$ cat target_37.cif   # mmCIF, C-alpha atoms
data_final
#
loop_
_atom_site.label_atom_id
_atom_site.label_comp_id
_atom_site.auth_asym_id
_atom_site.auth_seq_id
_atom_site.Cartn_x
_atom_site.Cartn_y
_atom_site.Cartn_z
CA MET N 1 105.32 171.70 67.51
CA LEU N 2 108.31 171.79 69.89
CA LYS N 3 106.06 172.97 72.73
CA GLN N 4 103.91 169.86 72.39
CA ILE N 5 106.76 167.44 72.93
CA PRO N 6 106.29 167.06 76.75
CA ILE N 7 102.63 166.18 76.27
CA GLN N 8 103.54 163.66 73.60
CA VAL N 9 106.19 162.14 75.85
CA LYS N 10 103.46 161.54 78.44
CA LEU N 11 101.40 159.90 75.74
CA ARG N 12 104.33 157.63 74.96
CA ARG N 13 104.60 156.60 78.60
CA THR N 14 100.89 155.94 78.68
CA ALA N 15 101.35 153.72 75.64
CA TYR N 16 103.65 151.45 77.68
CA LEU N 17 100.82 150.68 80.12
CA GLY N 18 98.00 150.54 77.58
CA GLY N 19 99.83 148.88 74.73
CA PHE N 20 97.18 146.29 74.11
CA LEU N 21 94.31 148.80 73.94
CA LEU N 22 96.25 151.25 71.80
CA GLY N 23 97.38 148.54 69.43
CA ALA N 24 93.84 147.18 69.09
CA MET N 25 92.60 150.56 67.90
CA MET N 26 95.42 150.94 65.40
CA ALA N 27 95.23 148.72 62.35
CA ILE N 28 97.33 151.10 60.30
CA ALA N 29 99.67 149.38 57.92
CA SER N 30 103.39 149.94 57.78
CA PRO N 31 106.07 149.38 55.14
CA ILE N 32 108.03 146.18 54.91
CA PHE N 33 111.49 146.64 56.41
CA ALA N 34 114.15 143.95 56.48
CA GLN N 35 115.74 144.49 59.88
CA GLU N 36 118.94 142.82 58.79
CA GLU N 37 119.66 145.56 56.21
CA MET N 38 119.55 149.32 55.83
CA PRO N 39 115.95 150.60 55.33
CA MET N 40 114.57 151.11 51.88
CA PRO N 41 112.23 153.98 50.87
CA GLN N 42 108.68 153.68 52.13
CA SER N 43 105.89 152.81 49.75
CA SER N 44 102.27 153.80 50.43
CA PRO N 45 102.29 153.20 54.19
CA ALA N 46 98.62 154.08 54.43
CA THR N 47 97.50 151.08 52.37
CA GLU N 48 99.77 148.30 53.70
CA GLU N 49 98.76 146.05 56.56
CA SER N 50 100.64 143.92 59.05
CA THR N 51 100.27 140.16 58.60
CA GLY N 52 100.76 139.29 62.25
CA GLY N 53 98.23 136.92 63.76
CA LEU N 54 95.39 138.19 65.86
CA THR N 55 96.92 136.48 68.88
CA ASP N 56 100.27 138.29 68.56
CA PRO N 57 100.84 141.25 70.91
CA PHE N 58 100.68 144.67 69.30
CA PHE N 59 103.80 145.79 71.17
CA ALA N 60 106.87 143.90 72.46
CA ASP N 61 109.68 144.84 74.84
CA VAL N 62 113.22 145.69 73.82
CA ILE N 63 115.30 144.25 76.66
CA VAL N 64 118.80 145.16 77.83
CA GLN N 65 120.39 143.17 80.68
CA GLY N 66 117.05 141.60 81.56
CA ARG N 67 115.28 144.97 81.84
CA PRO N 68 112.68 146.25 79.34
CA ILE N 69 113.74 149.66 77.94
CA PHE N 70 110.92 150.53 75.53
CA GLN N 71 108.44 148.83 73.24
CA VAL N 72 108.21 148.48 69.49
CA GLY N 73 105.25 147.72 67.29
CA SER N 74 104.85 145.51 64.25
CA VAL N 75 106.20 146.54 60.88
CA GLY N 76 105.45 144.97 57.50
CA ASN N 77 105.52 141.19 57.69
CA LEU N 78 107.29 141.29 61.07
CA THR N 79 105.15 141.07 64.17
CA ALA N 80 106.07 143.16 67.20
CA ARG N 81 107.50 140.08 68.92
CA GLU N 82 109.63 139.09 65.92
CA ARG N 83 110.90 142.63 65.53
CA ALA N 84 111.80 142.86 69.22
CA GLN N 85 113.61 139.53 69.04
CA ILE N 86 115.79 140.76 66.19
CA ILE N 87 116.65 143.97 68.05
CA ASN N 88 117.34 142.08 71.29
CA ARG N 89 119.62 139.66 69.49
CA ARG N 90 121.65 142.52 68.03
CA LEU N 91 121.90 144.24 71.42
CA SER N 92 123.01 140.99 73.07
CA SER N 93 125.69 140.54 70.41
CA LEU N 94 126.81 144.11 70.97
CA MET N 95 127.07 143.68 74.73
CA GLY N 96 128.93 140.38 74.31
CA GLN N 97 131.86 142.16 72.72
CA ALA N 98 134.91 142.73 74.90
CA GLY N 99 135.72 146.27 75.94
CA THR N 100 133.58 149.38 76.18
CA VAL N 101 130.53 149.67 73.95
CA ASP N 102 130.44 152.83 71.80
CA SER N 103 127.46 155.15 72.07
CA ILE N 104 124.48 154.58 69.84
CA THR N 105 124.01 157.29 67.21
CA VAL N 106 121.02 158.27 65.10
CA GLN N 107 121.11 158.61 61.31
CA TYR N 108 118.03 160.40 59.95
CA ASN N 109 116.74 160.25 56.37
CA GLN N 110 114.63 163.39 56.12
CA ALA N 111 113.42 162.69 52.59
CA GLN N 112 111.76 159.40 53.52
CA ASN N 113 111.26 160.24 57.22
CA TYR N 114 112.96 157.26 58.87
CA ALA N 115 115.92 156.99 61.21
CA THR N 116 118.38 154.26 62.10
CA LEU N 117 120.11 153.58 65.40
CA GLN N 118 123.70 152.58 64.68
CA VAL N 119 126.93 151.63 66.42
CA ASN N 120 130.07 151.87 64.28
CA ASN N 121 127.94 151.84 61.09
CA ARG N 122 126.14 148.73 62.29
CA VAL N 123 122.34 149.10 62.26
CA ILE N 124 120.68 148.18 65.54
CA MET N 125 117.12 149.07 64.51
CA THR N 126 115.08 151.26 62.20
CA VAL N 127 112.54 153.82 63.41
CA ILE N 128 109.83 154.70 60.88
CA GLU N 129 106.99 157.15 60.74
CA GLN N 130 104.58 154.41 61.86
CA ASP N 131 106.51 154.14 65.17
CA ALA N 132 106.20 157.88 65.69
CA GLU N 133 102.45 157.69 65.09
CA ASP N 134 102.07 154.69 67.44
CA PHE N 135 103.71 156.53 70.31
CA GLY N 136 102.39 160.03 69.55
CA VAL N 137 105.78 161.57 68.72
CA GLU N 138 106.37 164.37 66.16
CA ASN N 139 108.45 162.33 63.73
CA ALA N 140 110.77 159.35 63.49
CA GLN N 141 113.87 161.42 64.30
CA VAL N 142 112.53 162.62 67.65
CA LEU N 143 111.51 159.08 68.65
CA ALA N 144 114.84 157.70 67.46
CA ASN N 145 116.74 160.24 69.61
CA GLN N 146 114.67 159.27 72.66
CA TRP N 147 115.27 155.55 72.12
CA ALA N 148 118.98 156.08 71.48
CA GLU N 149 119.31 158.02 74.74
CA GLU N 150 117.46 155.29 76.69
CA LEU N 151 119.60 152.57 75.12
CA ASN N 152 122.84 154.41 75.89
CA GLN N 153 121.77 154.74 79.52
CA ALA N 154 120.83 151.07 79.69
CA LEU N 155 124.09 149.95 78.10
CA ASP N 156 126.12 151.70 80.78
CA ARG N 157 127.16 149.17 83.41
CA PRO N 158 125.03 150.03 86.49
CA PRO N 159 126.10 149.30 90.07
CA LEU N 160 125.41 145.78 91.30
CA ALA N 161 122.47 146.74 93.52
CA ILE N 162 120.76 148.68 90.74
CA ASP N 163 121.40 145.88 88.25
CA VAL N 164 119.88 143.29 90.59
CA ALA N 165 116.84 145.50 91.24
CA GLN N 166 116.34 146.07 87.52
CA ARG N 167 116.54 142.36 86.76
CA LEU N 168 114.06 141.52 89.52
CA ASN N 169 111.69 144.17 88.23
CA ALA N 170 111.95 142.79 84.71
CA THR N 171 111.37 139.26 85.89
CA VAL N 172 108.31 140.19 87.93
CA ARG N 173 106.93 142.20 85.05
CA GLY N 174 107.43 139.31 82.66
CA LEU N 175 105.73 136.90 85.05
CA LEU N 176 102.78 139.25 85.46
CA GLN N 177 102.43 139.60 81.70
CA ASP N 178 102.57 135.84 81.23
CA ALA N 179 100.07 135.31 84.05
CA ILE N 180 97.62 137.77 82.50
CA GLY N 181 98.05 136.16 79.08
CA ASN N 182 97.59 132.65 80.48
CA LEU N 183 94.84 133.59 82.93
CA PRO N 184 92.08 131.56 81.18
CA SER N 185 94.31 128.47 81.10
CA LEU N 186 95.31 128.91 84.74
CA VAL N 187 91.68 129.30 85.84
CA GLY N 188 90.68 126.24 83.82
CA ALA N 189 93.53 124.15 85.28
CA LEU N 190 92.61 125.31 88.80
CA ILE N 191 88.99 124.25 88.27
CA VAL N 192 90.14 120.84 87.01
CA ILE N 193 92.40 120.39 90.07
CA LEU N 194 89.58 121.32 92.46
CA LEU N 195 87.19 118.90 90.75
CA THR N 196 89.89 116.20 90.82
CA TRP N 197 90.41 116.77 94.54
CA GLY N 198 86.70 116.37 95.25
CA VAL N 199 86.34 113.27 93.04
CA ALA N 200 89.51 111.69 94.51
CA ILE N 201 88.22 112.09 98.07
CA SER N 202 84.86 110.59 97.10
CA VAL N 203 86.51 107.64 95.33
CA ARG N 204 88.77 107.01 98.31
CA ARG N 205 85.81 106.90 100.70
CA ILE N 206 83.76 104.68 98.40
CA ALA N 207 86.70 102.31 97.84
CA TYR N 208 87.44 102.13 101.56
CA SER N 209 83.79 101.39 102.40
CA TRP N 210 83.65 98.70 99.72
CA ALA N 211 86.90 97.15 100.94
CA GLN N 212 85.61 97.08 104.52
CA LYS N 213 82.60 95.07 103.39
CA THR N 214 84.48 92.66 101.13
CA GLU N 215 88.02 92.31 102.45
CA GLY N 216 87.98 92.61 106.23
CA ASP N 217 91.68 93.46 106.39
CA ARG N 218 92.81 96.97 107.23
CA SER N 219 95.99 96.77 105.16
CA THR N 220 94.09 95.81 102.01
CA GLU N 221 91.42 98.41 102.71
CA LEU N 222 94.07 101.13 102.87
CA LEU N 223 95.75 99.82 99.71
CA ILE N 224 92.53 99.87 97.69
CA SER N 225 91.56 103.35 98.88
CA ARG N 226 95.02 104.77 98.20
CA LEU N 227 95.26 103.24 94.74
CA GLY N 228 91.86 104.68 93.79
CA TYR N 229 92.82 108.08 95.20
CA GLY N 230 96.12 108.13 93.31
CA ALA N 231 94.56 106.99 90.03
CA ILE N 232 92.05 109.86 90.07
CA TRP N 233 94.84 112.36 90.73
CA VAL N 234 96.90 111.03 87.81
CA VAL N 235 93.95 111.47 85.44
CA GLY N 236 93.24 114.94 86.85
CA TRP N 237 96.82 116.14 86.40
CA VAL N 238 96.84 114.89 82.79
CA ILE N 239 93.69 116.90 82.06
CA ALA N 240 95.05 119.97 83.89
CA LEU N 241 98.29 119.87 81.90
CA GLY N 242 96.25 119.65 78.72
CA VAL N 243 94.24 122.71 79.73
CA LEU N 244 97.51 124.59 80.33
CA GLY N 245 98.54 123.76 76.77
CA LEU N 246 101.26 121.24 77.59
CA ASP N 247 101.73 118.38 75.16
CA PHE N 248 101.34 115.29 77.32
CA ALA N 249 102.83 113.03 74.64
CA ALA N 250 105.96 115.18 74.52
CA LEU N 251 106.06 115.17 78.31
CA LEU N 252 105.94 111.37 78.34
CA GLY N 253 108.74 111.31 75.79
CA ALA N 254 110.88 113.52 78.00
CA LEU N 255 110.13 111.30 80.98
CA GLY N 256 111.05 108.27 78.91
CA LEU N 257 114.48 109.71 78.22
CA THR N 258 115.13 110.14 81.93
CA SER N 259 113.36 107.03 83.18
CA VAL N 260 116.47 104.88 82.89
CA ALA N 261 118.54 107.23 85.05
CA ILE N 262 115.70 107.63 87.55
CA GLY N 263 115.19 103.88 87.64
CA PHE N 264 118.84 103.20 88.47
CA SER N 265 119.02 105.91 91.13
CA LEU N 266 115.73 104.92 92.79
CA LYS N 267 115.97 101.17 92.20
CA ASP N 268 115.82 100.18 95.86
CA VAL N 269 113.05 102.65 96.69
CA LEU N 270 110.89 101.56 93.74
CA SER N 271 111.48 97.87 94.45
CA ASN N 272 110.31 98.39 98.04
CA TYR N 273 107.14 100.14 96.85
CA ILE N 274 106.37 97.45 94.28
CA ALA N 275 107.01 94.72 96.85
CA GLY N 276 104.72 96.56 99.27
CA VAL N 277 101.88 96.62 96.73
CA ILE N 278 102.32 92.89 96.08
CA LEU N 279 102.40 92.08 99.79
CA LEU N 280 99.24 94.08 100.42
CA ALA N 281 97.54 92.38 97.47
CA VAL N 282 98.65 88.79 98.20
CA ARG N 283 98.40 89.17 102.00
CA PRO N 284 100.70 86.45 103.37
CA PHE N 285 100.07 88.08 106.77
CA ARG N 286 97.86 90.75 108.28
CA ILE N 287 98.20 93.36 110.99
CA GLY N 288 98.29 91.57 114.34
CA ASP N 289 99.72 88.30 113.00
CA GLN N 290 102.79 86.85 114.69
CA ILE N 291 105.35 85.95 112.05
CA GLU N 292 108.97 84.97 111.54
CA ILE N 293 111.02 86.63 108.79
CA SER N 294 114.68 85.61 108.57
CA ASP N 295 116.09 86.36 112.03
CA TYR N 296 113.12 88.48 113.12
CA GLU N 297 110.05 87.30 114.99
CA GLY N 298 107.22 89.33 116.42
CA THR N 299 103.78 90.85 115.88
CA VAL N 300 102.98 92.79 112.70
CA THR N 301 101.95 96.31 113.73
CA GLU N 302 101.92 98.14 110.38
CA VAL N 303 102.31 97.40 106.68
CA LYS N 304 103.20 100.38 104.51
CA LEU N 305 104.15 100.64 100.86
CA ARG N 306 107.85 100.87 101.77
CA THR N 307 108.35 98.96 105.04
CA THR N 308 106.76 96.38 107.29
CA THR N 309 106.89 97.08 111.04
CA ILE N 310 107.24 94.19 113.52
CA LYS N 311 107.12 94.47 117.30
CA THR N 312 109.30 91.80 118.86
CA TYR N 313 108.27 89.89 121.99
CA ASP N 314 110.73 91.93 124.06
CA GLY N 315 109.09 95.22 122.98
CA ARG N 316 111.40 96.42 120.16
CA LEU N 317 110.16 97.79 116.83
CA ILE N 318 111.83 96.51 113.66
CA TYR N 319 111.28 98.19 110.27
CA ILE N 320 111.97 95.67 107.52
CA PRO N 321 112.12 96.87 103.87
CA ASN N 322 109.36 95.27 101.84
CA GLN N 323 111.81 93.98 99.26
CA GLU N 324 113.52 91.93 101.99
CA VAL N 325 110.16 90.70 103.28
CA PHE N 326 109.06 89.75 99.78
CA SER N 327 112.23 87.77 99.03
CA SER N 328 112.39 85.97 102.41
CA SER N 329 110.59 82.91 103.75
CA ILE N 330 107.69 83.95 105.99
CA THR N 331 106.38 81.80 108.83
CA ASN N 332 102.95 82.93 109.99
CA ASN N 333 102.44 81.43 113.44
CA THR N 334 98.91 82.80 113.85
CA ALA N 335 97.50 82.08 110.38
CA SER N 336 95.45 79.39 112.17
CA PRO N 337 93.83 79.99 115.58
CA ARG N 338 95.24 76.68 116.90
CA ARG N 339 98.78 75.39 116.91
CA ARG N 340 100.21 72.01 117.90
CA THR N 341 102.89 71.71 120.56
CA SER N 342 104.79 68.65 121.83
CA VAL N 343 106.55 67.46 124.99
CA MET N 344 109.17 64.66 125.12
CA VAL N 345 109.18 62.35 128.18
CA GLY N 346 111.22 59.21 128.90
CA ILE N 347 109.92 56.25 130.97
CA ASP N 348 111.63 53.17 132.30
CA TYR N 349 111.82 50.01 130.16
CA GLU N 350 109.98 48.04 132.82
CA ALA N 351 107.10 50.57 132.95
CA ASP N 352 103.71 49.81 131.41
CA ILE N 353 103.51 51.97 128.26
CA ASN N 354 99.72 51.79 128.04
CA GLN N 355 99.39 52.81 131.67
CA ALA N 356 101.74 55.77 131.03
CA LYS N 357 99.73 56.85 127.95
CA ALA N 358 96.45 56.70 129.85
CA ALA N 359 97.83 58.78 132.70
CA ILE N 360 99.17 61.40 130.30
CA LEU N 361 95.93 61.70 128.29
CA LYS N 362 93.86 61.95 131.46
CA ALA N 363 96.10 64.76 132.77
CA LEU N 364 95.82 66.74 129.51
CA SER N 365 92.04 66.38 129.41
CA GLU N 366 91.83 68.24 132.71
CA LEU N 367 93.46 71.35 131.21
CA ASP N 368 90.78 73.71 129.89
CA LEU N 369 93.01 75.46 127.31
CA VAL N 370 94.08 72.21 125.61
CA GLU N 371 91.98 71.79 122.48
CA PRO N 372 89.82 68.63 122.57
CA SER N 373 89.83 68.43 118.79
CA PRO N 374 92.19 67.33 117.37
CA ALA N 375 92.56 65.09 120.41
CA PRO N 376 95.92 64.82 122.20
CA GLU N 377 98.06 61.83 121.27
CA VAL N 378 101.03 59.98 122.78
CA LEU N 379 103.53 58.30 120.43
CA VAL N 380 106.51 56.07 121.16
CA GLN N 381 109.18 58.20 119.59
CA GLU N 382 112.43 56.37 120.42
CA LEU N 383 113.83 53.32 122.24
CA ALA N 384 116.84 54.97 123.83
CA ALA N 385 119.65 53.31 125.80
CA SER N 386 117.93 53.52 129.16
CA THR N 387 114.47 55.02 128.48
CA ILE N 388 111.50 54.70 126.22
CA ASN N 389 110.93 58.22 124.87
CA LEU N 390 107.31 59.23 124.40
CA GLU N 391 106.23 62.27 122.35
CA VAL N 392 103.10 63.93 123.68
CA ARG N 393 101.28 66.11 121.11
CA PHE N 394 98.35 68.40 121.84
CA TRP N 395 96.80 71.56 120.33
CA VAL N 396 96.67 74.97 122.03
CA ASP N 397 96.08 78.62 121.15
CA SER N 398 98.49 79.80 118.46
CA ARG N 399 99.28 83.14 120.15
CA ARG N 400 102.81 83.01 121.52
CA ALA N 401 101.94 83.84 125.14
CA GLU N 402 99.22 81.20 125.35
CA PHE N 403 101.33 78.73 123.38
CA LEU N 404 104.27 78.94 125.78
CA GLU N 405 102.06 78.94 128.86
CA MET N 406 100.06 75.88 127.83
CA THR N 407 103.18 73.97 126.76
CA SER N 408 104.65 74.63 130.18
CA GLN N 409 101.45 73.59 132.01
CA GLY N 410 101.14 70.48 129.87
CA ALA N 411 104.70 69.36 130.67
CA GLN N 412 104.09 69.94 134.37
CA ARG N 413 100.82 67.93 134.41
CA ILE N 414 102.45 65.06 132.49
CA LYS N 415 105.24 64.78 135.05
CA GLU N 416 102.79 64.91 137.96
CA ALA N 417 100.53 62.28 136.34
CA LEU N 418 103.42 59.85 135.78
CA ASP N 419 104.59 60.29 139.35
CA ALA N 420 101.06 59.55 140.61
CA ALA N 421 100.93 56.41 138.45
CA ASN N 422 104.33 55.24 139.82
CA VAL N 423 105.85 55.34 136.34
CA GLU N 424 109.55 55.99 136.67
CA MET N 425 111.32 58.50 134.48
CA PRO N 426 114.96 57.43 134.88
CA THR N 427 117.98 59.43 133.87
CA GLU N 428 120.51 58.11 131.42
CA ILE N 429 122.36 55.00 132.74
CA TYR N 430 125.90 54.30 131.57
CA THR N 431 127.82 50.98 132.05
CA LEU N 432 131.61 51.22 132.42
CA THR N 433 133.82 48.23 131.55
CA PHE N 434 137.47 48.25 132.71
CA ARG N 435 140.04 46.03 131.01
CA ASN N 436 143.70 45.13 131.79
CA LEU N 437 143.65 46.66 135.26
CA PRO N 438 146.44 45.82 137.77
CA PRO N 439 145.40 42.95 140.11
CA SER N 440 145.52 45.19 143.20
CA ILE N 441 143.12 47.76 141.74
CA SER N 442 140.83 45.08 140.32
CA ALA N 443 140.61 43.36 143.71
CA GLN N 444 139.89 46.66 145.44
CA ILE N 445 137.07 47.46 143.00
CA ASN N 446 135.52 44.03 143.33
CA SER N 447 135.71 44.18 147.14
CA SER N 448 133.99 47.60 147.35
CA PRO N 449 130.25 47.34 148.17
CA PRO N 450 127.93 48.89 145.60
CA GLU N 451 126.46 52.28 146.49
CA GLY N 452 122.79 52.75 146.97
#
$ encode --input "target_37.cif" --output "structure tokens"
Amino acid sequence: MLKQIPIQVKLRRTAYLGGFLLGAMMAIASPIFAQEEMPMPQSSPATEESTGGLTDPFFADVIVQGRPIFQVGSVGNLTARERAQIINRRLSSLMGQAGTVDSITVQYNQAQNYATLQVNNRVIMTVIEQDAEDFGVENAQVLANQWAEELNQALDRPPLAIDVAQRLNATVRGLLQDAIGNLPSLVGALIVILLTWGVAISVRRIAYSWAQKTEGDRSTELLISRLGYGAIWVVGWVIALGVLGLDFAALLGALGLTSVAIGFSLKDVLSNYIAGVILLAVRPFRIGDQIEISDYEGTVTEVKLRTTTIKTYDGRLIYIPNQEVFSSSITNNTASPRRRTSVMVGIDYEADINQAKAAILKALSELDLVEPSPAPEVLVQELAASTINLEVRFWVDSRRAEFLEMTSQGAQRIKEALDAANVEMPTEIYTLTFRNLPPSISAQINSSPPEG
């Protein structure tokens, strides 16, 4: 039998790689051992069966410092995973003790053919005949000696580089095992994500086409398409998380616990996004409109969910947060294609007001860019000290360049028309009265001829 040990050791190593296949072929029962106590005598191991679920692995890793050392199978009512957890907990407690860890020794009960791995009379694990059969070893004592030697080597503090390499190897191995176990769920979630991607793109295109036909505003078209695209992705991620086995209700509960903190930290960002959605839905202005917001005036070049971009008349770009836009008064100068302007002009008191009005209206009618409807009008605005002030109102294009140009041309034509009609536009006249002057100065003033 001693000559067959090397071959059986190879079989044990093979069992590490083919644990699932080997365990599936072995439905042999094992005695019930309480891992928290010393083992009791075995009782009819050939007739007892493990009660582990069909989904439980047949073998589980015993881990030291993040590195799997060997595997153990199920025993009695304990599944392989539960048994490995108990052993790992004991090893972690052992390594957490201060000072040097004593070597693990083997105590063998030849009568009942089981062995225990102990440290200072403290049982770490029990090795039974079933373990020896699972791994193709002669008896429980031989397997216990092998495991004790491997544990003693693992419990020795390795150099830092070796320790890091071992931990990385264990981590990668664990990830690969989890990936293989969760492969159906991962494939299903990937299929759901791909389908969601295709549906989201289709919905975005359909929503954008529909918005182009019904809305006629690029900002609203983008908003509708983006909202539809995002809604499909939210539904798709919920389904994908369900396929992966995540409890969406529990996930929402966890998000609810952190929503208050997230809300406070992202208050300004969220308020800008919400204000952006409202602005795009209500549409107080559109791209290309010329507006005034607080101290800013210019042409709207872009409306995003977070900011509104305005290009000023001197060529600068201003990015205004949507929350500020939403809470400010907005003047839309181009909401209507026409806009009224006015020019103030003062005429002499002796001038004929009706003649002045007729000359002004005739001059404005000769300007092509002055809107004929509503018709221009001339109103007596004020009877000032030396002039009668007339307000001339007429409608022009609402765009700023045309508005300023036509206001300037209108004022020029009004002045030229009044000059042609011999209607004077005097400056302000002031009368000075002097009292209690010395006689010499009063006589000099009275004797001076008036100028002009």
$ atom_distance --input "target_37.cif" --atom1 "atom CA of Gly410 of chain N" --atom2 "atom CA of Ser373 of chain N"
16.0 Å
$ closest_residue --input "target_37.cif" --among "N:Ala165, N:Leu151, N:Ala80, N:Met406" --to "Asp131 of chain N" --atoms "only C-alpha atoms"
N:Ala80
$ closest_atom_pairs --input "target_37.cif" --of "segment 346-428 of chain N" --to "segment 305-328 of chain N" --cutoff "12 Å" --atoms "only C-alpha atoms" --output "tab-separated table"
residue	atom	partner	partner_atom	distance
N:Arg399	CA	N:Tyr313	CA	11.4
N:Arg400	CA	N:Tyr313	CA	8.8
N:Ala401	CA	N:Tyr313	CA	9.3
$ resolve_selection --input "target_37.cif" --expression "the PyMOL selection byres ((chain N and resi 103-110) around 9)" --output "MDAnalysis selection string"
chainID N and resid 101:102 111:120 124 140:141 144:145 148:149 151:152 155
$ resolve_selection --input "target_37.cif" --expression "the PyMOL selection byres ((chain N and resi 288-296) around 8)" --output "list in words"
Phe285, Arg286, Ile287, Glu297, Gly298, Thr299, Val300, Thr301, Thr312, Val325, Ser328, Ser329, Ile330, Thr331, Asn332, Asn333, Thr334, Ala335, Arg399 and Arg400 of chain N
$ closest_residue --input "target_37.cif" --among "N:Ile441, N:Leu78, N:Val235, N:Leu223" --to "Ala281 of chain N" --atoms "all atoms listed in the file"
N:Leu223
$ residues_around --input "target_37.cif" --residues "Thr171 of chain N" --least-positions-apart "6" --cutoff "12 Å" --atoms "only C-alpha atoms" --output "list of chain:residue names"
N:Ile63, N:Gln65, N:Gly66, N:Arg67, N:Pro68, N:Val164, N:Ala165, N:Gln177, N:Asp178
$ resolve_selection --input "target_37.cif" --expression "the PyMOL selection byres ((chain N and resi 372) around 12)" --output "ChimeraX atom specification"
/N:338,340,361-362,364-371,373-377,393-397
$ residues_around --input "target_37.cif" --residues "segment 192-204 of chain N" --least-positions-apart "6" --cutoff "6 Å" --atoms "only C-alpha atoms" --output "list in words"
Ser225, Gly228, Tyr229, Ile232, Gly236 and Ala240 of chain N
$ residues_around --input "target_37.cif" --residues "Leu91 of chain N" --least-positions-apart "4" --cutoff "9 Å" --atoms "all atoms listed in the file" --output "PyMOL selection string"
chain N and resi 63-64+86-87+95-96+124
$ residues_around --input "target_37.cif" --residues "Ala417 of chain N" --least-positions-apart "4" --cutoff "7 Å" --atoms "only C-alpha atoms" --output "PyMOL selection string"
chain N and resi 359-360+363+413+421
$ build_atoms --input "target_37.cif" --residues "segment 403-417 of chain N" --atoms "N, CA and C atoms" --output "mmCIF file, keeping the file's coordinate frame"
data_model
loop_
_atom_site.group_PDB
_atom_site.id
_atom_site.type_symbol
_atom_site.label_atom_id
_atom_site.label_comp_id
_atom_site.auth_asym_id
_atom_site.auth_seq_id
_atom_site.Cartn_x
_atom_site.Cartn_y
_atom_site.Cartn_z
ATOM 1 N N PHE N 403 100.623 79.930 123.833
ATOM 2 C CA PHE N 403 101.330 78.730 123.380
ATOM 3 C C PHE N 403 102.403 78.315 124.390
ATOM 4 N N LEU N 404 103.209 79.265 124.819
ATOM 5 C CA LEU N 404 104.270 78.940 125.780
ATOM 6 C C LEU N 404 103.692 78.539 127.127
ATOM 7 N N GLU N 405 102.654 79.241 127.567
ATOM 8 C CA GLU N 405 102.060 78.940 128.860
ATOM 9 C C GLU N 405 101.458 77.536 128.891
ATOM 10 N N MET N 406 100.707 77.185 127.841
ATOM 11 C CA MET N 406 100.060 75.880 127.830
ATOM 12 C C MET N 406 101.064 74.753 127.619
ATOM 13 N N THR N 407 102.136 74.994 126.883
ATOM 14 C CA THR N 407 103.180 73.970 126.760
ATOM 15 C C THR N 407 103.819 73.700 128.113
ATOM 16 N N SER N 408 104.067 74.784 128.850
ATOM 17 C CA SER N 408 104.650 74.630 130.180
ATOM 18 C C SER N 408 103.700 73.881 131.115
ATOM 19 N N GLN N 409 102.416 74.259 131.139
ATOM 20 C CA GLN N 409 101.450 73.590 132.010
ATOM 21 C C GLN N 409 101.267 72.124 131.627
ATOM 22 N N GLY N 410 101.283 71.853 130.314
ATOM 23 C CA GLY N 410 101.140 70.480 129.870
ATOM 24 C C GLY N 410 102.307 69.608 130.337
ATOM 25 N N ALA N 411 103.531 70.120 130.223
ATOM 26 C CA ALA N 411 104.700 69.360 130.670
ATOM 27 C C ALA N 411 104.641 69.099 132.169
ATOM 28 N N GLN N 412 104.186 70.119 132.927
ATOM 29 C CA GLN N 412 104.090 69.940 134.370
ATOM 30 C C GLN N 412 103.047 68.878 134.725
ATOM 31 N N ARG N 413 101.875 68.885 134.122
ATOM 32 C CA ARG N 413 100.820 67.930 134.410
ATOM 33 C C ARG N 413 101.239 66.508 134.009
ATOM 34 N N ILE N 414 101.980 66.386 132.921
ATOM 35 C CA ILE N 414 102.450 65.060 132.490
ATOM 36 C C ILE N 414 103.378 64.463 133.537
ATOM 37 N N LYS N 415 104.300 65.265 134.038
ATOM 38 C CA LYS N 415 105.240 64.780 135.050
ATOM 39 C C LYS N 415 104.495 64.366 136.331
ATOM 40 N N GLU N 416 103.548 65.216 136.749
ATOM 41 C CA GLU N 416 102.790 64.910 137.960
ATOM 42 C C GLU N 416 101.946 63.649 137.778
ATOM 43 N N ALA N 417 101.365 63.454 136.596
ATOM 44 C CA ALA N 417 100.530 62.280 136.340
ATOM 45 C C ALA N 417 101.359 60.993 136.355
#
